[in-house]
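These notes concern the structure reproduced below.
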Amino acid sequence: MKPGTKLKSTVCDTEVMVIRGSGMVVECGGAPMAQESPAQKGSPQAGWDKGTQIGKRYVDVAGSIELLCVKPGQGSLSLGGIALLLKDAKPLPASD
């Protein structure tokens, strides 16, 4: 996994692009994501089914990984069993 890599969920329709981070196993719906779509998809585990939103960026608390959701789905993104957070938009500078 390196910046620019597309990852696909094995349990829902979620697809993300890696913006920052490498060498980590990203999970969606409680299952590891893959670069290729599986022939048959499972279903998200209970508690990991809050979904993803297209166009939103997801980060971990430390900021070591950033993912851009390019296709939404039912599974929640996580890294090592810890849920990823929606990245807040930076406020625009005030104009006079």
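Lettering and numbering for the structure tokens are positional, with chains as A, B, ... in the shown order, residues counted from 1 in each chain, and ligands counted from 1 in the shown order.
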
- Residue contacts of Gly81 of chain A (10 Å, only C-alpha atoms) excluding same-chain residues fewer than 4 positions away, as a PyMOL selection string: chain A and resi 26-28+30-31+48+77

- Can you list, as a list in words, every protein, DNA or RNA residue that comes within 9 Å of Val18 of chain A when you count only C-alpha atoms, leaving out same-chain residues fewer than 4 positions away? Met1, Lys2, Pro3, Gly4, Thr5, Lys6, Leu7, Ser22, Ile65, Glu66, Leu67 and Leu68 of chain A

- Item | Spatial neighbours of Asp49 of chain A, 8 Å, only C-alpha atoms, chain gap at least 2 places, as a VMD selection string | chain A and resid 29 44 to 47 51 74 to 76

- Task: Find the distance between atom CA of Val61 of chain A and atom CA of Ser78 of chain A and write it in Å to one decimal.
- Result: 11.1 Å

- Task: Write down as a ChimeraX atom specification the residues of chain A whose backbone DSSP state falls under strand (DSSP E).
- Result: /A:6-8,15-20,26-28,31-32,57-59,66-71,77-79,82-83,85-86

- Query: Of the candidates A:Val59, A:Ile82, A:Cys12, A:Leu92, which one gets nearest to Ala34 of chain A if we count only C-alpha atoms?
  - Reply: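 Smallest distance to Ala34 of chain A is found for A:Cys12.
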
- Considering only C-alpha atoms, state which residue in the set A:Ser9, A:Ser95, A:Gln40, A:Asp60 is at the smallest distance from Leu79 of chain A.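 The shortest atom-to-atom distance to Leu79 of chain A comes from A:Asp60.
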
- Task: Between A:Ala39, A:Ile54, A:Ala62, A:Cys69, single out the one closest to Ile19 of chain A, counting only C-alpha atoms.
- Result: A:Cys69

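Residue nearest Lys71 of chain A, chosen from A:Leu86, A:Thr14, A:Val25, A:Gln35 and counting only C-alpha atoms: A:Thr14.
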
- Task: Check the smallest atom-to-atom distance from each of A:Lys50, A:Met33, A:Gly80, A:Ala94 to Val16 of chain A using only C-alpha atoms, then report the winner.
- Result: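 Of the candidates, the smallest distance to Val16 of chain A is held by A:Met33.
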
- Å distance separating atom CA of Glu15 of chain A from atom CA of Gly73 of chain A, one decimal place: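 If I compute the distance from atom CA of Glu15 of chain A to atom CA of Gly73 of chain A, I get 7.8 Å.
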
- Query: Which of these residues is nearest to Ala83 of chain A, using only C-alpha atoms: A:Lys8, A:Ser64, A:Gln53, A:Tyr58?
  - Reply: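 Residue with the minimum atom-to-atom distance to Ala83 of chain A: A:Tyr58.
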
- Quick one, how far is atom CA of Asp13 of chain A from atom CA of Lys56 of chain A?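 Computed distance, atom CA of Asp13 of chain A to atom CA of Lys56 of chain A, equals 15.2 Å.
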